[in-house]
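Here is the file query.pdb (PDB, C-alpha atoms).
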```pdb
ATOM      1  CA  MET E 749       5.068   5.383 -10.334  1.00  0.00           C
ATOM      2  CA  LEU E 750       6.610   2.243  -8.901  1.00  0.00           C
ATOM      3  CA  ARG E 751       9.762   2.628 -10.961  1.00  0.00           C
ATOM      4  CA  SER E 752      10.366   6.131  -9.594  1.00  0.00           C
ATOM      5  CA  LEU E 753       9.810   4.962  -6.007  1.00  0.00           C
ATOM      6  CA  ARG E 754      12.160   2.028  -6.588  1.00  0.00           C
ATOM      7  CA  ARG E 755      14.851   4.420  -7.787  1.00  0.00           C
ATOM      8  CA  ILE E 756      14.513   6.428  -4.590  1.00  0.00           C
ATOM      9  CA  SER E 757      14.918   3.254  -2.545  1.00  0.00           C
ATOM     10  CA  ILE E 758      18.019   2.104  -4.488  1.00  0.00           C
ATOM     11  CA  TYR E 759      19.790   5.465  -4.563  1.00  0.00           C
ATOM     12  CA  PRO E 760      20.877   7.184  -1.349  1.00  0.00           C
ATOM     13  CA  SER E 761      17.927   9.568  -1.721  1.00  0.00           C
ATOM     14  CA  GLY E 762      15.301   8.418   0.771  1.00  0.00           C
ATOM     15  CA  HIS E 763      14.962  12.030   1.897  1.00  0.00           C
ATOM     16  CA  LEU E 764      13.307  12.723  -1.486  1.00  0.00           C
ATOM     17  CA  VAL E 765      10.228  10.626  -0.662  1.00  0.00           C
ATOM     18  CA  PRO E 766       8.227  13.763   0.329  1.00  0.00           C
ATOM     19  CA  LEU E 767       9.015  15.247  -3.103  1.00  0.00           C
ATOM     20  CA  TRP E 768       7.808  12.007  -4.715  1.00  0.00           C
ATOM     21  CA  VAL E 769       4.583  12.009  -2.684  1.00  0.00           C
ATOM     22  CA  ARG E 770       3.889  15.669  -3.474  1.00  0.00           C
ATOM     23  CA  GLY E 771       4.447  15.170  -7.205  1.00  0.00           C
ATOM     24  CA  TRP E 772       2.006  12.272  -7.401  1.00  0.00           C
ATOM     25  CA  GLN E 773      -0.569  13.978  -5.164  1.00  0.00           C
ATOM     26  CA  ASP E 774      -0.468  17.043  -7.400  1.00  0.00           C
ATOM     27  CA  ALA E 775      -0.901  14.914 -10.535  1.00  0.00           C
ATOM     28  CA  VAL E 776      -3.848  12.983  -9.064  1.00  0.00           C
ATOM     29  CA  ARG E 777      -5.513  16.218  -7.956  1.00  0.00           C
ATOM     30  CA  LEU E 778      -5.131  17.658 -11.447  1.00  0.00           C
ATOM     31  CA  LEU E 779      -6.569  14.501 -13.007  1.00  0.00           C
ATOM     32  CA  ARG E 780      -9.558  14.633 -10.652  1.00  0.00           C
ATOM     33  CA  ASP E 781     -10.115  18.228 -11.726  1.00  0.00           C
ATOM     34  CA  GLY E 782     -10.131  17.141 -15.373  1.00  0.00           C
ATOM     35  CA  ALA E 783      -6.812  18.815 -16.153  1.00  0.00           C
ATOM     36  CA  GLY E 784      -5.079  15.925 -17.889  1.00  0.00           C
ATOM     37  CA  GLU E 785      -2.539  18.032 -19.775  1.00  0.00           C
ATOM     38  CA  ALA E 786      -1.608  19.888 -16.598  1.00  0.00           C
ATOM     39  CA  ALA E 787      -1.183  16.543 -14.789  1.00  0.00           C
ATOM     40  CA  VAL E 788       1.205  15.315 -17.484  1.00  0.00           C
ATOM     41  CA  ALA E 789       3.144  18.583 -17.287  1.00  0.00           C
ATOM     42  CA  ARG E 790       3.330  18.285 -13.496  1.00  0.00           C
ATOM     43  CA  LEU E 791       4.673  14.735 -13.738  1.00  0.00           C
ATOM     44  CA  ARG E 792       7.290  15.799 -16.275  1.00  0.00           C
ATOM     45  CA  ASP E 793       8.403  18.633 -13.999  1.00  0.00           C
ATOM     46  CA  PHE E 794       8.403  16.313 -10.998  1.00  0.00           C
ATOM     47  CA  PHE E 795      10.521  13.654 -12.731  1.00  0.00           C
ATOM     48  CA  ALA E 796      12.959  16.292 -13.956  1.00  0.00           C
ATOM     49  CA  GLU E 797      13.326  17.695 -10.434  1.00  0.00           C
ATOM     50  CA  LEU E 798      13.617  14.228  -8.902  1.00  0.00           C
ATOM     51  CA  THR E 799      16.289  13.150 -11.376  1.00  0.00           C
ATOM     52  CA  THR E 800      18.256  16.362 -10.906  1.00  0.00           C
ATOM     53  CA  ARG E 801      18.134  16.141  -7.117  1.00  0.00           C
ATOM     54  CA  MET E 802      19.141  12.475  -7.153  1.00  0.00           C
ATOM     55  CA  TRP E 803      22.039  13.264  -9.472  1.00  0.00           C
ATOM     56  CA  GLU E 804      23.187  16.124  -7.216  1.00  0.00           C
ATOM     57  CA  ASP E 805      22.954  13.912  -4.110  1.00  0.00           C
ATOM     58  CA  ARG E 806      25.031  11.071  -5.516  1.00  0.00           C
ATOM     59  CA  PRO E 807      28.742  11.161  -4.744  1.00  0.00           C
ATOM     60  CA  LEU E 808      30.750  10.882  -7.960  1.00  0.00           C
ATOM     61  CA  ASP E 809      32.453   7.673  -6.799  1.00  0.00           C
ATOM     62  CA  ALA E 810      29.246   6.005  -5.558  1.00  0.00           C
ATOM     63  CA  VAL E 811      28.319   2.538  -6.720  1.00  0.00           C
ATOM     64  CA  VAL E 812      24.562   2.283  -7.074  1.00  0.00           C
ATOM     65  CA  GLY E 813      22.637  -0.938  -7.368  1.00  0.00           C
ATOM     66  CA  PRO E 814      20.496  -3.409  -5.474  1.00  0.00           C
ATOM     67  CA  GLY E 815      22.002  -4.116  -2.097  1.00  0.00           C
ATOM     68  CA  SER E 816      24.218  -1.012  -2.143  1.00  0.00           C
ATOM     69  CA  PRO E 817      24.337   0.839   1.163  1.00  0.00           C
ATOM     70  CA  SER E 818      22.203   3.975   1.079  1.00  0.00           C
TER
END
```
So, in terms of structure tokens, how does the structure I just supplied come out?
Amino acid sequence: MLRSLRRISIYPSGHLVPLWVRGWQDAVRLLRDGAGEAAVARLRDFFAELTTRMWEDRPLDAVVGPGSPS
């Protein structure tokens, strides 16, 4: 969880925080309902979407790392 949030803060993708929040809220809700497999599936889908959107947002010539402007 923290690693994915850290990636959002390093990459110029702060606008994806609502997606991050929604993905984790969905997973927690599924776990509370006893749907562990569905929670894992939701997290996999969420990470795939997050990664794809971050990749699409990043300019090809961008330098990404700690201290990089976002």
Exercise for review: Could you give me, as number ranges by chain, the residues within 7 Å of range 773-781 of chain E, counting only C-alpha atoms and dropping anything in the same chain fewer than 5 positions from it?
Suggested key: E: 786-787, 790-791
Review point. How far is it from CA of Ala783 in chain E to CA of Arg751 in chain E, in Å with one decimal?
Key: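 Pair CA of Ala783 in chain E / CA of Arg751 in chain E returns 23.7 Å.
Those DNA, RNA and protein residues that approach the point (14.4, 14.6, -12.2) to within 12 Å, considering only C-alpha atoms, are Ser752, Arg755, Ile756, Leu764, Leu767, Trp768, Gly771, Arg790, Leu791, Arg792, Asp793, Phe794, Phe795, Ala796, Glu797, Leu798, Thr799, Thr800, Arg801, Met802, Trp803, Glu804 and Asp805 of chain E.
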